[in-house]
$ cat protein-v5.csv   # CSV, C-alpha atoms
chain,number,residue,atom,x,y,z
A,1,MET,CA,6.4,15.1,6.6
A,2,MET,CA,2.7,15.6,7.0
A,3,ARG,CA,1.5,19.1,8.1
A,4,ASN,CA,-0.4,19.5,11.4
A,5,MET,CA,-3.6,20.3,9.5
A,6,ASP,CA,-3.2,17.1,7.4
A,7,LEU,CA,-2.7,15.1,10.6
A,8,LYS,CA,-5.9,16.6,12.1
A,9,ILE,CA,-7.9,15.6,9.0
A,10,VAL,CA,-6.6,12.1,9.1
A,11,VAL,CA,-7.5,11.8,12.8
A,12,VAL,CA,-11.0,13.1,12.1
A,13,ILE,CA,-11.5,10.6,9.3
A,14,LEU,CA,-10.4,7.7,11.4
A,15,LEU,CA,-12.7,8.7,14.3
A,16,LEU,CA,-15.6,9.0,11.9
A,17,ALA,CA,-14.7,5.7,10.1
A,18,PHE,CA,-15.2,3.5,13.1
A,19,SER,CA,-18.9,4.5,13.4
A,20,PHE,CA,-19.7,2.8,10.0
A,21,HIS,CA,-20.0,-0.8,8.8
A,22,GLY,CA,-18.6,-2.2,5.5
A,23,ALA,CA,-19.8,-4.9,3.1
A,24,ALA,CA,-18.5,-8.1,1.5
A,25,GLY,CA,-19.2,-10.4,-1.4
A,26,VAL,CA,-17.7,-12.2,-4.4
A,27,GLY,CA,-16.2,-11.0,-7.6
A,28,SER,CA,-14.2,-12.0,-10.8
A,29,SER,CA,-11.5,-10.9,-13.3
A,30,GLY,CA,-8.8,-10.6,-10.6
A,31,LEU,CA,-11.0,-8.4,-8.5
A,32,SER,CA,-13.3,-9.5,-5.6
A,33,PHE,CA,-15.8,-7.9,-3.3
A,34,ASN,CA,-14.1,-9.2,-0.2
A,35,PHE,CA,-10.5,-8.5,-1.3
A,36,TYR,CA,-9.7,-6.5,1.9
A,37,ASP,CA,-11.7,-8.4,4.4
A,38,GLU,CA,-8.6,-9.6,6.2
A,39,SER,CA,-5.9,-7.1,5.3
A,40,CYS,CA,-8.0,-3.9,5.8
A,41,PRO,CA,-11.6,-4.6,6.9
A,42,GLN,CA,-12.1,-0.9,7.9
A,43,LEU,CA,-11.3,0.4,4.4
A,44,GLU,CA,-14.7,1.3,3.2
A,45,ASP,CA,-15.6,2.9,6.5
A,46,ILE,CA,-12.4,5.1,6.3
A,47,VAL,CA,-13.1,6.1,2.7
A,48,ARG,CA,-16.7,6.9,3.5
A,49,ALA,CA,-15.8,9.1,6.5
A,50,GLY,CA,-13.1,10.8,4.4
A,51,VAL,CA,-15.4,11.7,1.6
A,52,ARG,CA,-18.1,12.9,4.0
A,53,SER,CA,-15.7,15.2,5.8
A,54,LEU,CA,-14.5,16.7,2.5
A,55,PHE,CA,-18.1,17.1,1.4
A,56,LEU,CA,-18.9,19.2,4.6
A,57,ALA,CA,-16.0,21.5,3.7
A,58,ASP,CA,-16.9,21.7,0.0
A,59,PRO,CA,-20.3,20.5,-1.4
A,60,THR,CA,-18.9,20.3,-4.9
A,61,THR,CA,-16.5,17.5,-3.9
A,62,PRO,CA,-18.7,14.6,-5.1
A,63,ALA,CA,-18.8,16.0,-8.7
A,64,ALA,CA,-15.1,16.5,-8.7
A,65,LEU,CA,-14.3,13.0,-7.4
A,66,LEU,CA,-16.6,11.4,-9.9
A,67,ARG,CA,-15.0,13.2,-12.8
A,68,LEU,CA,-11.5,12.5,-11.4
A,69,MET,CA,-12.3,8.7,-11.3
A,70,PHE,CA,-13.8,8.7,-14.8
A,71,HIS,CA,-10.8,10.5,-16.3
A,72,ASP,CA,-8.4,8.1,-14.6
A,73,CYS,CA,-10.3,4.9,-15.7
A,74,GLN,CA,-10.5,6.0,-19.3
A,75,VAL,CA,-6.7,6.2,-19.7
A,76,GLN,CA,-5.3,2.6,-19.5
A,77,GLY,CA,-7.8,1.6,-16.9
A,78,CYS,CA,-8.3,2.6,-13.2
A,79,ASP,CA,-4.7,2.7,-12.1
A,80,ALA,CA,-4.5,6.1,-10.2
A,81,SER,CA,-2.1,7.4,-12.9
A,82,ILE,CA,-4.0,10.7,-13.0
A,83,LEU,CA,-2.8,11.3,-9.4
A,84,LEU,CA,0.9,11.3,-10.3
A,85,ASP,CA,2.9,14.5,-10.3
A,86,PRO,CA,5.8,15.0,-12.7
A,87,ASP,CA,9.1,14.0,-11.2
A,88,GLY,CA,11.4,14.6,-14.1
A,89,GLU,CA,12.3,10.9,-14.4
A,90,THR,CA,9.6,8.2,-14.2
A,91,THR,CA,6.8,10.7,-14.8
A,92,ARG,CA,8.2,13.5,-17.1
A,93,TYR,CA,4.8,14.8,-18.1
A,94,SER,CA,1.7,14.3,-16.0
A,95,GLU,CA,-1.6,13.2,-17.5
A,96,MET,CA,-2.9,16.5,-16.0
A,97,THR,CA,-0.9,18.3,-18.7
A,98,SER,CA,-3.6,17.2,-21.2
A,99,SER,CA,-6.0,19.9,-22.1
A,100,LYS,CA,-8.8,17.3,-21.8
A,101,ASN,CA,-8.1,17.3,-18.0
A,102,PHE,CA,-8.8,21.0,-17.7
A,103,GLY,CA,-10.9,21.6,-14.6
A,104,VAL,CA,-10.2,18.2,-13.0
A,105,ARG,CA,-9.9,18.8,-9.2
A,106,LYS,CA,-9.6,17.1,-5.8
A,107,ARG,CA,-6.5,15.0,-6.5
A,108,ASN,CA,-5.1,16.0,-3.1
A,109,SER,CA,-8.3,14.7,-1.5
A,110,ILE,CA,-7.4,11.1,-2.5
A,111,SER,CA,-4.0,11.7,-0.8
A,112,PHE,CA,-5.7,12.7,2.4
A,113,ILE,CA,-7.9,9.6,2.4
A,114,LYS,CA,-4.9,7.5,1.5
A,115,SER,CA,-3.0,8.9,4.6
A,116,ALA,CA,-5.9,7.8,6.8
A,117,VAL,CA,-5.9,4.3,5.2
A,118,GLU,CA,-2.1,4.0,5.6
A,119,ALA,CA,-2.4,4.8,9.3
A,120,VAL,CA,-4.5,1.7,9.8
A,121,CYS,CA,-3.5,-0.6,6.9
A,122,PRO,CA,0.0,0.4,5.8
A,123,GLY,CA,1.0,-0.8,2.4
A,124,GLU,CA,-2.1,-2.8,1.7
A,125,VAL,CA,-4.5,-0.6,-0.3
A,126,SER,CA,-3.9,0.9,-3.7
A,127,CYS,CA,-4.6,4.5,-4.6
A,128,ALA,CA,-6.7,3.1,-7.5
A,129,ASP,CA,-9.1,1.3,-5.2
A,130,ILE,CA,-9.3,4.4,-2.9
A,131,LEU,CA,-10.2,6.5,-5.9
A,132,VAL,CA,-12.9,4.2,-7.1
A,133,LEU,CA,-14.4,3.8,-3.6
A,134,SER,CA,-14.3,7.6,-3.2
A,135,ALA,CA,-16.3,8.0,-6.4
A,136,CYS,CA,-18.8,5.4,-5.2
A,137,GLU,CA,-19.3,7.3,-2.0
A,138,ALA,CA,-19.5,10.6,-3.9
A,139,VAL,CA,-22.5,9.2,-5.8
A,140,ALA,CA,-24.3,7.9,-2.7
A,141,LEU,CA,-23.6,11.0,-0.7
A,142,SER,CA,-25.2,13.1,-3.5
A,143,GLY,CA,-28.5,11.1,-3.4
A,144,GLY,CA,-27.5,8.5,-6.0
A,145,PRO,CA,-27.4,4.7,-5.7
A,146,GLY,CA,-25.1,2.8,-3.3
A,147,ILE,CA,-22.7,1.0,-5.7
A,148,SER,CA,-20.8,-2.1,-4.6
A,149,VAL,CA,-17.6,-2.6,-6.6
A,150,PRO,CA,-15.0,-5.4,-6.6
A,151,LEU,CA,-11.6,-4.4,-5.3
A,152,GLY,CA,-8.0,-5.5,-5.8
A,153,ARG,CA,-6.7,-2.9,-8.3
A,154,ARG,CA,-3.1,-2.1,-8.3
A,155,ASP,CA,-1.4,1.3,-9.1
A,156,SER,CA,0.5,1.9,-12.3
A,157,SER,CA,4.3,1.7,-12.2
A,158,ASN,CA,4.6,2.8,-15.9
A,159,PRO,CA,2.4,5.9,-16.0
A,160,PRO,CA,1.3,7.4,-19.3
A,161,ASP,CA,1.8,11.0,-20.2
A,162,PHE,CA,-0.5,13.6,-21.5
A,163,ARG,CA,-0.4,12.2,-25.1
A,164,LEU,CA,-2.2,9.0,-24.1
A,165,ALA,CA,-4.7,11.1,-22.2
A,166,ASP,CA,-5.2,13.3,-25.3
A,167,THR,CA,-6.0,10.2,-27.4
A,168,SER,CA,-8.0,8.2,-24.8
A,169,LEU,CA,-10.3,10.9,-23.4
A,170,PRO,CA,-13.2,11.9,-25.6
A,171,PRO,CA,-13.3,15.5,-27.0
A,172,ALA,CA,-15.8,17.9,-25.5
A,173,ASP,CA,-17.8,17.9,-28.8
A,174,VAL,CA,-18.0,14.0,-29.1
A,175,GLY,CA,-21.3,12.8,-30.5
A,176,VAL,CA,-23.4,9.7,-30.1
A,177,ASP,CA,-21.4,7.5,-32.5
A,178,GLY,CA,-18.1,8.3,-30.6
A,179,VAL,CA,-19.6,7.7,-27.2
A,180,LEU,CA,-21.2,4.4,-28.1
A,181,GLN,CA,-17.9,3.1,-29.5
A,182,LEU,CA,-16.0,4.4,-26.5
A,183,PHE,CA,-18.1,2.6,-23.9
A,184,SER,CA,-18.8,-0.5,-26.1
A,185,ASP,CA,-15.0,-1.1,-25.9
A,186,LYS,CA,-15.5,-1.3,-22.1
A,187,GLY,CA,-18.3,-3.9,-22.4
A,188,MET,CA,-21.2,-1.5,-22.0
A,189,THR,CA,-24.6,-1.8,-23.7
A,190,VAL,CA,-26.3,1.2,-25.3
A,191,GLU,CA,-28.6,1.3,-22.2
A,192,GLU,CA,-25.5,1.4,-19.9
A,193,THR,CA,-23.8,4.0,-22.0
A,194,VAL,CA,-26.7,6.4,-21.8
A,195,ALA,CA,-26.8,5.8,-18.0
A,196,ILE,CA,-23.1,6.4,-17.5
A,197,LEU,CA,-23.5,9.8,-19.2
A,198,GLY,CA,-26.0,10.6,-16.5
A,199,ALA,CA,-23.0,11.3,-14.4
A,200,HIS,CA,-23.3,14.8,-16.0
A,201,THR,CA,-26.1,15.4,-13.5
A,202,LEU,CA,-23.4,16.5,-11.1
A,203,GLY,CA,-21.5,19.7,-11.5
A,204,ILE,CA,-20.9,22.2,-14.2
A,205,THR,CA,-19.4,22.5,-17.7
A,206,HIS,CA,-16.7,25.0,-18.4
A,207,CYS,CA,-17.4,27.3,-21.4
A,208,LEU,CA,-14.0,26.4,-22.8
A,209,ASN,CA,-15.5,23.0,-23.5
A,210,LEU,CA,-18.5,24.5,-25.2
A,211,GLU,CA,-17.0,26.4,-28.1
A,212,SER,CA,-18.3,24.2,-30.9
A,213,ARG,CA,-21.7,23.8,-29.0
A,214,ARG,CA,-22.2,27.5,-28.8
A,215,THR,CA,-21.3,28.1,-32.5
A,216,ASN,CA,-23.9,25.4,-33.5
A,217,ILE,CA,-26.8,26.5,-31.4
A,218,GLY,CA,-30.1,25.7,-33.1
A,219,THR,CA,-28.8,22.5,-34.9
A,220,ASN,CA,-29.8,20.2,-32.0
A,221,ALA,CA,-32.7,20.0,-29.5
A,222,THR,CA,-32.0,23.3,-27.9
A,223,ASN,CA,-34.8,25.5,-26.6
A,224,PRO,CA,-34.6,29.3,-27.0
A,225,ALA,CA,-34.4,29.9,-23.2
A,226,PHE,CA,-31.4,27.7,-23.0
A,227,GLU,CA,-29.7,29.3,-26.0
A,228,ASN,CA,-29.9,32.6,-24.1
A,229,THR,CA,-28.4,30.8,-21.0
A,230,LEU,CA,-25.4,29.6,-23.0
A,231,LYS,CA,-24.9,33.0,-24.5
A,232,MET,CA,-25.1,34.8,-21.2
A,233,SER,CA,-23.0,32.3,-19.2
A,234,CYS,CA,-20.3,32.0,-21.8
A,235,ARG,CA,-19.6,35.7,-22.6
A,236,LEU,CA,-16.2,35.1,-21.0
A,237,PRO,CA,-14.2,31.9,-21.8
A,238,LEU,CA,-13.7,31.1,-18.1
A,239,GLY,CA,-17.5,31.0,-17.4
A,240,PHE,CA,-19.5,27.9,-16.8
A,241,VAL,CA,-22.9,26.4,-17.2
A,242,GLN,CA,-24.7,24.2,-14.7
A,243,ASN,CA,-25.4,20.7,-16.2
A,244,ASP,CA,-29.0,20.7,-14.9
A,245,LEU,CA,-31.0,22.6,-12.2
A,246,THR,CA,-29.7,20.4,-9.4
A,247,PRO,CA,-25.9,20.3,-9.9
A,248,LEU,CA,-25.2,19.1,-6.3
A,249,LEU,CA,-27.7,16.2,-6.5
A,250,PHE,CA,-27.3,12.9,-8.3
A,251,ASP,CA,-30.7,12.5,-9.8
A,252,ASN,CA,-32.4,12.0,-13.2
A,253,HIS,CA,-32.9,15.7,-13.9
A,254,TYR,CA,-30.1,15.5,-16.5
A,255,PHE,CA,-32.3,13.4,-18.7
A,256,VAL,CA,-35.3,15.6,-18.1
A,257,ASN,CA,-33.2,18.6,-19.0
A,258,SER,CA,-31.9,17.0,-22.2
A,259,MET,CA,-35.4,16.0,-23.3
A,260,SER,CA,-36.6,19.6,-22.9
A,261,GLY,CA,-33.7,21.0,-25.1
A,262,GLY,CA,-31.4,21.9,-22.2
A,263,GLY,CA,-28.5,19.5,-23.0
A,264,VAL,CA,-25.3,21.4,-22.3
A,265,LEU,CA,-22.7,19.4,-24.3
A,266,ARG,CA,-23.2,18.1,-27.8
A,267,ILE,CA,-23.8,14.5,-26.6
A,268,ASP,CA,-26.4,15.8,-24.1
A,269,ALA,CA,-28.3,17.5,-26.9
A,270,GLU,CA,-28.0,14.6,-29.4
A,271,MET,CA,-29.0,11.7,-27.3
A,272,PRO,CA,-32.7,12.6,-27.1
A,273,LEU,CA,-32.7,12.8,-31.0
A,274,ASN,CA,-30.8,9.6,-31.9
A,275,SER,CA,-32.9,6.5,-32.5
A,276,ARG,CA,-30.5,4.3,-30.6
A,277,THR,CA,-30.2,6.4,-27.4
A,278,ARG,CA,-33.6,8.2,-27.3
A,279,PRO,CA,-35.6,5.3,-25.7
A,280,PHE,CA,-33.2,5.2,-22.8
A,281,VAL,CA,-33.2,9.0,-22.3
A,282,HIS,CA,-37.0,8.9,-22.0
A,283,LYS,CA,-36.8,5.8,-19.8
A,284,TYR,CA,-34.5,7.4,-17.3
A,285,ALA,CA,-36.3,10.8,-17.4
A,286,ASP,CA,-39.4,8.9,-16.3
A,287,ASP,CA,-37.8,6.4,-13.9
A,288,ALA,CA,-35.0,7.4,-11.6
A,289,GLY,CA,-34.7,3.8,-10.3
A,290,ALA,CA,-34.1,2.4,-13.7
A,291,PHE,CA,-31.4,5.0,-14.2
A,292,PHE,CA,-29.7,4.2,-10.9
A,293,ARG,CA,-29.7,0.5,-11.7
A,294,ALA,CA,-28.2,0.9,-15.2
A,295,PHE,CA,-25.7,3.5,-13.9
A,296,SER,CA,-24.5,1.1,-11.2
A,297,SER,CA,-23.9,-1.7,-13.7
A,298,ALA,CA,-22.1,0.7,-16.0
A,299,PHE,CA,-20.0,2.1,-13.2
A,300,VAL,CA,-18.8,-1.4,-12.2
A,301,LYS,CA,-17.9,-2.2,-15.8
A,302,LEU,CA,-15.9,1.0,-16.3
A,303,SER,CA,-14.1,0.7,-13.0
A,304,SER,CA,-13.2,-3.0,-13.7
A,305,SER,CA,-12.0,-2.5,-17.3
A,306,ASN,CA,-8.3,-3.1,-18.1
A,307,VAL,CA,-7.2,-2.9,-14.5
A,308,LEU,CA,-3.9,-4.1,-13.0
A,309,THR,CA,-4.3,-7.0,-10.5
A,310,GLY,CA,-2.2,-9.7,-8.7
A,311,ASN,CA,1.5,-9.0,-9.2
A,312,GLU,CA,1.0,-6.3,-11.8
A,313,GLY,CA,1.8,-2.7,-10.9
A,314,VAL,CA,2.5,-1.5,-7.4
A,315,ILE,CA,0.8,-0.4,-4.2
A,316,ARG,CA,1.9,3.2,-3.8
A,317,ARG,CA,2.2,4.6,-0.3
A,318,ASN,CA,2.2,8.1,-1.8
A,319,CYS,CA,-0.4,8.5,-4.5
A,320,LYS,CA,1.5,11.3,-6.1
A,321,ALA,CA,4.7,9.3,-6.8
A,322,VAL,CA,5.4,5.9,-8.2
A,323,TYR,CA,8.0,5.0,-5.5
$ encode --input "protein-v5.csv" --output "structure tokens"
Amino acid sequence: MMRNMDLKIVVVILLLAFSFHGAAGVGSSGLSFNFYDESCPQLEDIVRAGVRSLFLADPTTPAALLRLMFHDCQVQGCDASILLDPDGETTRYSEMTSSKNFGVRKRNSISFIKSAVEAVCPGEVSCADILVLSACEAVALSGGPGISVPLGRRDSSNPPDFRLADTSLPPADVGVDGVLQLFSDKGMTVEETVAILGAHTLGITHCLNLESRRTNIGTNATNPAFENTLKMSCRLPLGFVQNDLTPLLFDNHYFVNSMSGGGVLRIDAEMPLNSRTRPFVHKYADDAGAFFRAFSSAFVKLSSSNVLTGNEGVIRRNCKAVY
């Protein structure tokens, strides 16, 4: 049973949703831009209203939703498997058990939005599509580009456990070679790979993910002031460092920051130095519009890679359980 507070949130989302308008179009690969035009035409409005209401309560919501979607899509495709709780049977060990999902938040937010969608379009919309649309809205709400994505994903019925997450998600100290290979496998160019890493412009990095970075200060493009910031911020393992000076805004400051020696993670520090990635770091630091366009293209590729469609998978009514 849904609690009274949860019901109130759903009602607010629905009231807000009907003040918006959605979009349509054409797609490919089992997905389409007009997938829900007949079965749930209010979908994008409901998701938009839900994310906005969550943002008002917590301005860090966009960063959390974007990371949640990225971590889901990098483990056997965007199938909402990261939202599943262990049940002792079908899902013995959740993906969230993986150490690489440390700090991932807002899984319950997708369930709130799903409840609002179910109230209008029961059994029609997958948790996977809701998660991807929520990430799109998170980017736009933070000042980033409006991204149109094809829809029609299905939810996993055979969820992975933490071991697949451990092998699929990149380590915190991944370098340029590893990142280029990872996103090349998803059809991205070098230009798009650099752009997708611009998602780091939102949020913070936990010091637990910076151990190797802190022990190798001075080996990459790091300025002395930033070295001191890392040392001061990470005196305790549970500390954190802002990814750039505007952690609540989706902008190109991440690239400006990296060029000036303020890259937080190893990949952030290496990209301005590597001959393959450096031209695009400079390009995006100088031209936010170019970054937004390349990021949008990369986002669509990531969210469309290796997805379940048609009769594959299931449509979960509860995002936390397979059935």
$ residues_around --input "protein-v5.csv" --residues "Ile204 of chain A" --least-positions-apart "5" --cutoff "12 Å" --atoms "all atoms listed in the file" --output "PDB file with C-alpha atoms, in the coordinates of the input"
ATOM      1  CA  THR A  60     -18.900  20.300  -4.900  1.00  0.00           C
ATOM      2  CA  ALA A  63     -18.800  16.000  -8.700  1.00  0.00           C
ATOM      3  CA  ALA A  64     -15.100  16.500  -8.700  1.00  0.00           C
ATOM      4  CA  ARG A  67     -15.000  13.200 -12.800  1.00  0.00           C
ATOM      5  CA  GLY A 103     -10.900  21.600 -14.600  1.00  0.00           C
ATOM      6  CA  VAL A 104     -10.200  18.200 -13.000  1.00  0.00           C
ATOM      7  CA  ALA A 199     -23.000  11.300 -14.400  1.00  0.00           C
ATOM      8  CA  ASN A 209     -15.500  23.000 -23.500  1.00  0.00           C
ATOM      9  CA  LEU A 210     -18.500  24.500 -25.200  1.00  0.00           C
ATOM     10  CA  SER A 233     -23.000  32.300 -19.200  1.00  0.00           C
ATOM     11  CA  GLY A 239     -17.500  31.000 -17.400  1.00  0.00           C
ATOM     12  CA  PHE A 240     -19.500  27.900 -16.800  1.00  0.00           C
ATOM     13  CA  VAL A 241     -22.900  26.400 -17.200  1.00  0.00           C
ATOM     14  CA  GLN A 242     -24.700  24.200 -14.700  1.00  0.00           C
ATOM     15  CA  ASN A 243     -25.400  20.700 -16.200  1.00  0.00           C
ATOM     16  CA  ASP A 244     -29.000  20.700 -14.900  1.00  0.00           C
ATOM     17  CA  LEU A 245     -31.000  22.600 -12.200  1.00  0.00           C
ATOM     18  CA  THR A 246     -29.700  20.400  -9.400  1.00  0.00           C
ATOM     19  CA  PRO A 247     -25.900  20.300  -9.900  1.00  0.00           C
ATOM     20  CA  LEU A 248     -25.200  19.100  -6.300  1.00  0.00           C
ATOM     21  CA  LEU A 249     -27.700  16.200  -6.500  1.00  0.00           C
ATOM     22  CA  TYR A 254     -30.100  15.500 -16.500  1.00  0.00           C
ATOM     23  CA  GLY A 263     -28.500  19.500 -23.000  1.00  0.00           C
ATOM     24  CA  VAL A 264     -25.300  21.400 -22.300  1.00  0.00           C
ATOM     25  CA  LEU A 265     -22.700  19.400 -24.300  1.00  0.00           C
TER      26      LEU A 265
END
$ closest_residue --input "protein-v5.csv" --among "A:Val125, A:Ala294, A:Cys136, A:Ala172" --to "Ser39 of chain A" --atoms "all atoms listed in the file"
A:Val125
$ residues_around --input "protein-v5.csv" --residues "Tyr36 of chain A" --least-positions-apart "2" --cutoff "10 Å" --atoms "all atoms listed in the file" --output "PyMOL selection string"
chain A and resi 24+32-34+38-44+121+124-125+151-152
$ closest_residue --input "protein-v5.csv" --among "A:Asp173, A:Phe295, A:Phe280, A:Asp161" --to "Pro86 of chain A" --atoms "only C-alpha atoms"
A:Asp161
$ residues_around --input "protein-v5.csv" --residues "Lys114 of chain A" --least-positions-apart "2" --cutoff "8 Å" --atoms "all atoms listed in the file" --output "CSV table (one decimal) with C-alpha atoms, keeping the file's coordinate frame"
chain,number,residue,atom,x,y,z
A,110,ILE,CA,-7.4,11.1,-2.5
A,111,SER,CA,-4.0,11.7,-0.8
A,112,PHE,CA,-5.7,12.7,2.4
A,116,ALA,CA,-5.9,7.8,6.8
A,117,VAL,CA,-5.9,4.3,5.2
A,118,GLU,CA,-2.1,4.0,5.6
A,127,CYS,CA,-4.6,4.5,-4.6
A,130,ILE,CA,-9.3,4.4,-2.9
A,317,ARG,CA,2.2,4.6,-0.3
A,318,ASN,CA,2.2,8.1,-1.8
A,319,CYS,CA,-0.4,8.5,-4.5
$ closest_residue --input "protein-v5.csv" --among "A:Leu56, A:Val256, A:Ala321, A:Val176" --to "Asp85 of chain A" --atoms "only C-alpha atoms"
A:Ala321
$ closest_residue --input "protein-v5.csv" --among "A:Gln74, A:Thr193, A:Ser148, A:Ser275" --to "Ser134 of chain A" --atoms "all atoms listed in the file"
A:Ser148
$ residues_around --input "protein-v5.csv" --residues "Pro279 of chain A" --least-positions-apart "4" --cutoff "12 Å" --atoms "all atoms listed in the file" --output "VMD selection string"
chain A and resid 190 to 191 194 to 195 255 259 271 to 275 283 to 286
$ closest_residue --input "protein-v5.csv" --among "A:Thr97, A:Thr61, A:Ser296, A:Thr201" --to "Phe162 of chain A" --atoms "only C-alpha atoms"
A:Thr97
$ atom_distance --input "protein-v5.csv" --atom1 "atom CA of Gly77 of chain A" --atom2 "atom CA of Ser157 of chain A"
13.0 Å
$ residues_near_point --input "protein-v5.csv" --point "(-18.1, 33.2, -22.5)" --cutoff "10 Å" --atoms "only C-alpha atoms" --output "MDAnalysis selection string"
chainID A and resid 206:208 210:211 214 230:241
$ closest_residue --input "protein-v5.csv" --among "A:Ser297, A:Ser212, A:Asn252, A:Asn108" --to "Pro150 of chain A" --atoms "all atoms listed in the file"
A:Ser297
$ atom_distance --input "protein-v5.csv" --atom1 "atom CA of Asn223 of chain A" --atom2 "atom CA of Gly175 of chain A"
18.9 Å
$ residues_near_point --input "protein-v5.csv" --point "(-1.1, 2.2, -16.3)" --cutoff "6 Å" --atoms "all atoms listed in the file" --output "ChimeraX atom specification"
/A:76,79,156,158-159
$ atom_distance --input "protein-v5.csv" --atom1 "atom CA of Leu202 of chain A" --atom2 "atom CA of Val149 of chain A"
20.5 Å
$ residues_around --input "protein-v5.csv" --residues "Ser184 of chain A" --least-positions-apart "3" --cutoff "12 Å" --atoms "all atoms listed in the file" --output "PyMOL selection string"
chain A and resi 176-181+187-194+196+298+301-302+305
